[in-house]
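Structure file my_file.tsv with TSV, C-alpha atoms:
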```
chain	number	residue	atom	x	y	z
A	1	MET	CA	-19.77	-0.93	0.68
A	2	LYS	CA	-20.05	0.88	4.00
A	3	ILE	CA	-18.40	1.29	7.39
A	4	THR	CA	-20.61	2.08	10.38
A	5	VAL	CA	-19.13	3.22	13.69
A	6	SER	CA	-21.08	1.50	16.48
A	7	ARG	CA	-21.57	3.31	19.76
A	8	ASN	CA	-18.67	2.40	22.07
A	9	GLY	CA	-18.15	-0.69	19.94
A	10	PRO	CA	-16.55	-1.92	16.73
A	11	TYR	CA	-16.63	-0.78	13.13
A	12	ILE	CA	-19.33	-2.71	11.29
A	13	VAL	CA	-18.19	-3.31	7.73
A	14	THR	CA	-20.73	-4.37	5.10
A	15	GLY	CA	-20.75	-4.94	1.37
A	16	LYS	CA	-17.87	-7.40	0.87
A	17	VAL	CA	-15.09	-4.92	1.56
A	18	PRO	CA	-11.66	-6.56	1.04
A	19	LEU	CA	-9.60	-6.67	4.26
A	20	ILE	CA	-5.83	-6.61	3.81
A	21	VAL	CA	-2.74	-6.46	6.06
A	22	SER	CA	0.09	-4.32	4.68
A	23	GLU	CA	3.44	-3.31	6.08
A	24	ILE	CA	5.33	-0.03	5.72
A	25	CYS	CA	8.74	-0.74	4.22
A	26	ASN	CA	11.91	1.30	4.73
A	27	ASP	CA	14.57	2.11	2.15
A	28	GLU	CA	18.29	1.58	2.70
A	29	GLU	CA	18.56	4.88	4.59
A	30	GLY	CA	15.76	3.98	6.98
A	31	TYR	CA	13.07	6.23	5.48
A	32	CYS	CA	9.53	4.97	4.92
A	33	ARG	CA	9.37	4.25	1.22
A	34	ASP	CA	6.71	1.77	0.14
A	35	TRP	CA	3.93	-0.67	1.09
A	36	ARG	CA	4.03	-4.46	1.07
A	37	GLU	CA	0.86	-6.53	1.17
A	38	VAL	CA	1.32	-9.51	3.49
A	39	LYS	CA	-2.17	-10.97	3.89
A	40	ARG	CA	-5.71	-10.94	2.53
A	41	TYR	CA	-8.56	-12.24	4.62
A	42	PRO	CA	-11.34	-14.27	3.00
A	43	LEU	CA	-13.96	-11.96	1.55
A	44	LYS	CA	-17.05	-11.60	3.76
A	45	GLU	CA	-20.33	-9.75	3.34
A	46	ARG	CA	-20.13	-8.40	6.89
A	47	TYR	CA	-17.55	-8.25	9.68
A	48	ALA	CA	-16.71	-6.23	12.80
A	49	LEU	CA	-13.30	-4.62	13.38
A	50	CYS	CA	-11.92	-3.85	16.83
A	51	ARG	CA	-12.02	-0.18	17.81
A	52	CYS	CA	-11.02	-0.38	21.49
A	53	GLY	CA	-7.60	-1.94	20.98
A	54	HIS	CA	-8.15	-4.80	23.45
A	55	SER	CA	-9.52	-7.62	21.31
A	56	GLU	CA	-7.69	-10.93	21.51
A	57	ASN	CA	-8.69	-11.57	17.90
A	58	LYS	CA	-7.37	-8.43	16.20
A	59	PRO	CA	-8.20	-6.93	13.81
A	60	PHE	CA	-11.65	-8.38	14.52
A	61	CYS	CA	-13.84	-7.49	17.48
A	62	ASP	CA	-14.34	-10.17	20.16
A	63	GLY	CA	-16.62	-8.16	22.45
A	64	THR	CA	-13.88	-7.03	24.85
A	65	HIS	CA	-15.03	-3.41	24.50
A	66	THR	CA	-17.90	-4.21	26.87
A	67	LYS	CA	-15.56	-5.65	29.52
A	68	VAL	CA	-13.16	-2.69	29.46
A	69	HIS	CA	-15.99	-0.15	29.28
A	70	PHE	CA	-14.56	1.41	26.14
A	71	ASP	CA	-15.51	5.04	25.58
A	72	GLY	CA	-15.69	5.38	21.83
A	73	THR	CA	-17.26	8.83	21.76
A	74	GLU	CA	-16.72	10.33	18.33
A	75	THR	CA	-14.96	13.70	18.45
A	76	GLY	CA	-13.88	13.90	14.81
A	77	ASP	CA	-15.57	16.72	12.94
A	78	TYR	CA	-17.52	16.65	9.70
A	79	LYS	CA	-15.74	19.56	8.05
A	80	PRO	CA	-14.37	18.97	4.56
A	81	TYR	CA	-10.64	18.33	4.22
A	82	THR	CA	-10.05	21.67	2.49
A	83	GLU	CA	-11.18	23.75	5.48
A	84	GLY	CA	-8.16	22.83	7.56
A	85	VAL	CA	-5.31	22.92	5.06
A	86	ASN	CA	-2.11	24.87	4.82
A	87	ILE	CA	-1.06	25.56	1.24
A	88	ILE	CA	2.54	25.26	0.08
A	89	SER	CA	3.07	26.58	-3.43
A	90	GLY	CA	5.81	25.46	-5.76
A	91	PRO	CA	6.65	26.18	-9.40
A	92	VAL	CA	5.02	22.99	-10.74
A	93	LEU	CA	3.14	21.52	-7.79
A	94	THR	CA	1.01	22.79	-4.91
A	95	LEU	CA	0.72	20.90	-1.62
A	96	THR	CA	-2.30	21.02	0.66
A	97	ASP	CA	-1.48	19.90	4.19
A	98	ASN	CA	-4.08	19.20	6.88
A	99	LYS	CA	-1.95	18.49	9.96
A	100	HIS	CA	-5.03	17.52	11.97
A	101	LEU	CA	-5.13	14.23	10.06
A	102	CYS	CA	-1.50	13.18	10.60
A	103	VAL	CA	-0.93	9.57	11.70
A	104	HIS	CA	2.91	9.73	11.63
A	105	ALA	CA	3.38	7.23	8.82
A	106	GLU	CA	6.40	9.40	7.84
A	107	PHE	CA	6.45	8.82	4.10
A	108	CYS	CA	6.85	12.60	3.79
A	109	LEU	CA	10.35	12.88	5.29
A	110	ARG	CA	12.51	11.31	2.59
A	111	ALA	CA	14.78	13.42	0.34
A	112	GLY	CA	14.54	16.51	2.50
A	113	GLY	CA	10.80	16.31	3.06
A	114	ILE	CA	7.78	16.86	0.85
A	115	TRP	CA	7.52	20.58	1.70
A	116	LYS	CA	11.01	21.26	0.35
A	117	LEU	CA	10.44	19.00	-2.65
A	118	VAL	CA	7.29	20.90	-3.66
A	119	ARG	CA	9.18	24.19	-3.60
A	120	GLN	CA	11.81	22.53	-5.83
A	121	SER	CA	9.29	20.89	-8.16
A	122	TYR	CA	10.87	22.54	-11.21
A	123	ASP	CA	13.31	19.61	-10.87
A	124	PRO	CA	11.67	16.46	-12.33
A	125	GLU	CA	13.20	14.20	-9.66
A	126	ALA	CA	11.93	16.42	-6.84
A	127	ARG	CA	8.52	16.58	-8.53
A	128	ASP	CA	8.21	12.80	-8.86
A	129	THR	CA	9.38	12.18	-5.29
A	130	ALA	CA	6.91	14.71	-3.88
A	131	ILE	CA	4.05	13.03	-5.74
A	132	GLU	CA	5.14	9.60	-4.55
A	133	GLU	CA	5.34	10.75	-0.92
A	134	ALA	CA	1.93	12.42	-1.01
A	135	CYS	CA	0.27	9.40	-2.61
A	136	ASN	CA	1.73	7.08	0.05
A	137	CYS	CA	0.24	9.17	2.87
A	138	PRO	CA	-2.49	6.83	4.18
A	139	SER	CA	-4.59	9.45	5.97
A	140	GLY	CA	-4.72	11.83	3.03
A	141	ARG	CA	-3.23	14.59	5.16
A	142	LEU	CA	-1.03	15.46	2.19
A	143	VAL	CA	-2.54	16.08	-1.23
A	144	ILE	CA	-0.57	17.21	-4.27
A	145	LEU	CA	-2.09	19.37	-7.01
A	146	ASP	CA	-0.71	19.84	-10.52
A	147	ASN	CA	-0.43	23.58	-11.13
A	148	ALA	CA	-1.04	23.17	-14.86
A	149	THR	CA	-4.40	21.45	-14.43
A	150	GLU	CA	-5.23	22.57	-10.86
A	151	LYS	CA	-6.33	18.99	-10.21
A	152	ALA	CA	-5.29	16.74	-7.34
A	153	ILE	CA	-2.93	13.89	-8.17
A	154	GLU	CA	-4.46	10.93	-6.34
A	155	PRO	CA	-3.42	7.28	-6.39
A	156	GLU	CA	-5.82	4.73	-7.82
A	157	LEU	CA	-6.70	2.62	-4.79
A	158	GLU	CA	-8.73	-0.54	-4.54
A	159	LYS	CA	-11.84	-0.09	-2.41
A	160	SER	CA	-10.57	-1.87	0.68
A	161	ILE	CA	-9.52	-1.63	4.32
A	162	VAL	CA	-5.84	-2.09	5.13
A	163	VAL	CA	-4.57	-3.02	8.58
A	164	VAL	CA	-1.35	-0.99	8.80
A	165	GLU	CA	1.73	-2.53	10.39
A	166	TYR	CA	5.23	-1.08	10.69
A	167	PRO	CA	7.64	-3.86	11.76
A	168	PRO	CA	10.84	-1.73	11.90
A	169	ARG	CA	9.34	0.20	14.83
A	170	ASP	CA	7.04	-2.58	16.07
A	171	GLU	CA	4.07	-0.29	15.54
A	172	HIS	CA	0.51	-1.37	14.89
A	173	GLY	CA	-1.03	1.44	12.90
A	174	PRO	CA	-4.53	2.49	11.93
A	175	LEU	CA	-7.12	1.04	9.60
A	176	TRP	CA	-6.45	2.58	6.20
A	177	VAL	CA	-9.73	3.01	4.36
A	178	ARG	CA	-9.11	3.27	0.63
A	179	GLY	CA	-11.05	4.13	-2.47
A	180	GLY	CA	-13.83	6.30	-1.08
A	181	ILE	CA	-15.77	3.88	1.14
A	182	PRO	CA	-18.55	5.74	3.03
A	183	ILE	CA	-18.14	6.01	6.81
A	184	GLU	CA	-21.18	6.67	9.00
A	185	SER	CA	-21.14	7.73	12.65
A	186	ALA	CA	-23.04	6.02	15.44
A	187	ASP	CA	-25.54	8.88	15.17
A	188	GLY	CA	-26.15	8.19	11.50
A	189	LYS	CA	-24.17	11.17	10.21
A	190	LYS	CA	-21.90	10.69	7.22
A	191	TYR	CA	-18.28	11.76	7.22
A	192	GLU	CA	-16.71	13.26	4.13
A	193	ILE	CA	-15.99	10.56	1.57
A	194	ARG	CA	-12.32	10.59	0.56
A	195	ASN	CA	-9.94	8.38	-1.36
A	196	ARG	CA	-7.74	7.96	1.72
A	197	VAL	CA	-8.66	8.10	5.40
A	198	THR	CA	-7.38	6.33	8.53
A	199	LEU	CA	-9.49	5.04	11.41
A	200	CYS	CA	-8.26	4.49	14.97
A	201	ARG	CA	-7.91	0.88	16.09
A	202	CYS	CA	-6.01	1.36	19.37
A	203	GLY	CA	-8.80	3.21	21.16
A	204	LYS	CA	-6.57	6.10	22.21
A	205	SER	CA	-7.22	8.69	19.50
A	206	LYS	CA	-8.61	12.04	20.55
A	207	ASN	CA	-10.07	12.41	17.05
A	208	LYS	CA	-12.26	9.29	16.98
A	209	PRO	CA	-13.16	7.59	14.78
A	210	PHE	CA	-10.08	8.85	12.96
A	211	CYS	CA	-6.50	8.05	13.90
A	212	ASP	CA	-4.39	10.86	15.37
A	213	GLY	CA	-1.16	8.91	15.78
A	214	SER	CA	-1.76	8.02	19.45
A	215	HIS	CA	-0.80	4.40	18.78
A	216	ILE	CA	2.82	5.59	18.61
A	217	GLU	CA	4.63	5.77	21.92
A	218	ARG	CA	7.32	8.42	21.70
```
What's the structure tokens form of this structure?
Amino acid sequence: MKITVSRNGPYIVTGKVPLIVSEICNDEEGYCRDWREVKRYPLKERYALCRCGHSENKPFCDGTHTKVHFDGTETGDYKPYTEGVNIISGPVLTLTDNKHLCVHAEFCLRAGGIWKLVRQSYDPEARDTAIEEACNCPSGRLVILDNATEKAIEPELEKSIVVVEYPPRDEHGPLWVRGGIPIESADGKKYEIRNRVTLCRCGKSKNKPFCDGSHIER
């Protein structure tokens, strides 16, 4: 399985990578709480996903990037996740937070926010909620570590690409790449392989090929 960023064009996906559409679901208080799978596309050996945001056949590329003269220059860096993190220490958990990767999915705001919950992780409910919020973060900006083992607590994710939708705000989010699928730049360089990363599909990110939340109009 592999994702290749084409120069000023689509993402070329090879190796029969499952393609799924999932929605962010809110709880009764309006906080982002969970994911709901709504569609699976037929499995293909190879397909091209729109990167410019103008395709009439989203999430697939239809060649419109050539008509709109899409500038897909990659500005995302190749540094490992750990180089850009802030560390928040709690009694039971430690949170690493790389704000540069934020896509504003907002799973981290419930119950006072993950930063407060980590500091209160002596409380089992706060601990469990913090872990849940971190594991729902699609970009992997937020990673929880267990202080006892010093190991990251990561969700077990199917190797797949998820088209993120958020109906309550009518937002069309990034491509959520799950399970450690390799991503290669148009220049042939390999980005850090991670369990969770998000790729831009609106064409507006200033951190291409990664999403920086620019799809959200605030």
Practice prompt. Measure the distance from CA of Pro138 (chain A) to CA of Ser185 (chain A) in Å and round it to one decimal.
Written response: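 Answer for the CA of Pro138 (chain A) to CA of Ser185 (chain A) separation: 20.5 Å.
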Discussion item. From the options A:Ile144, A:Ile153, A:Leu95, A:Leu101, which residue's atoms come nearest to Ser214 (chain A), counting all atoms listed in the file?
Written reply: A:Leu101
Taking only residues of region 113-194 of chain A that have an atom at most 6 Å from an atom of region 18-36 of chain A, what is each one's shortest atom pair and its distance in Å to one decimal, using all atoms listed in the file, in chain and number order, as a tab-separated table?
```
residue	atom	partner	partner_atom	distance
A:Ser160	CA	A:Pro18	CA	4.8
A:Ile161	CA	A:Leu19	CA	5.0
A:Val162	CA	A:Ile20	CA	4.7
A:Val163	CA	A:Val21	CA	4.6
A:Val164	CA	A:Ser22	CA	5.5
A:Glu165	CA	A:Glu23	CA	4.7
A:Tyr166	CA	A:Ile24	CA	5.1
```
Item to complete: Tell me, in Å to one decimal, how far CA of Asp128 (chain A) is from CA of Leu199 (chain A).
Response: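 If I compute the distance from CA of Asp128 (chain A) to CA of Leu199 (chain A), I get 28.0 Å.
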Worksheet entry | Coordinates-based distance that separates CA of Val85 (chain A) from CA of Glu154 (chain A) (Å, one decimal) |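 If I compute the distance from CA of Glu154 (chain A) to CA of Val85 (chain A), I get 16.6 Å.
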Please define a box with edges along x, y and z of the file around all atoms of region 115-123 of chain A given in the file, extend it by 3 Å on each side, and return its centre and edge lengths in Å to one decimal, as JSON.
```
{"center_x": 10.3, "center_y": 21.6, "center_z": -4.8, "size_x": 12.0, "size_y": 11.2, "size_z": 18.9}
```
Worksheet entry | Proximity to Thr64 (chain A) - best of A:Asn8, A:Arg110, A:Val197, A:Asn86, all atoms listed in the file |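 Looking at the shortest contact to Thr64 (chain A), the residue is A:Asn8.
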Fill in: Test item: residues at most 10 Å from Trp115 (chain A), all atoms listed in the file, excluding those fewer than 3 positions along its chain, as a ChimeraX atom specification
/A:87-90,94-97,108-109,112,118-120,130,142
Using only C-alpha atoms, which protein or nucleic acid residues come within 6 Å of Leu157 (chain A)? Drop anything in the same chain fewer than 2 positions from it, and give the result as a PDB file with C-alpha atoms, in the coordinates of the input.
```pdb
ATOM      1  CA  PRO A 155      -3.420   7.280  -6.390  1.00  0.00           C
ATOM      2  CA  ARG A 178      -9.110   3.270   0.630  1.00  0.00           C
ATOM      3  CA  GLY A 179     -11.050   4.130  -2.470  1.00  0.00           C
TER       4      GLY A 179
END
```
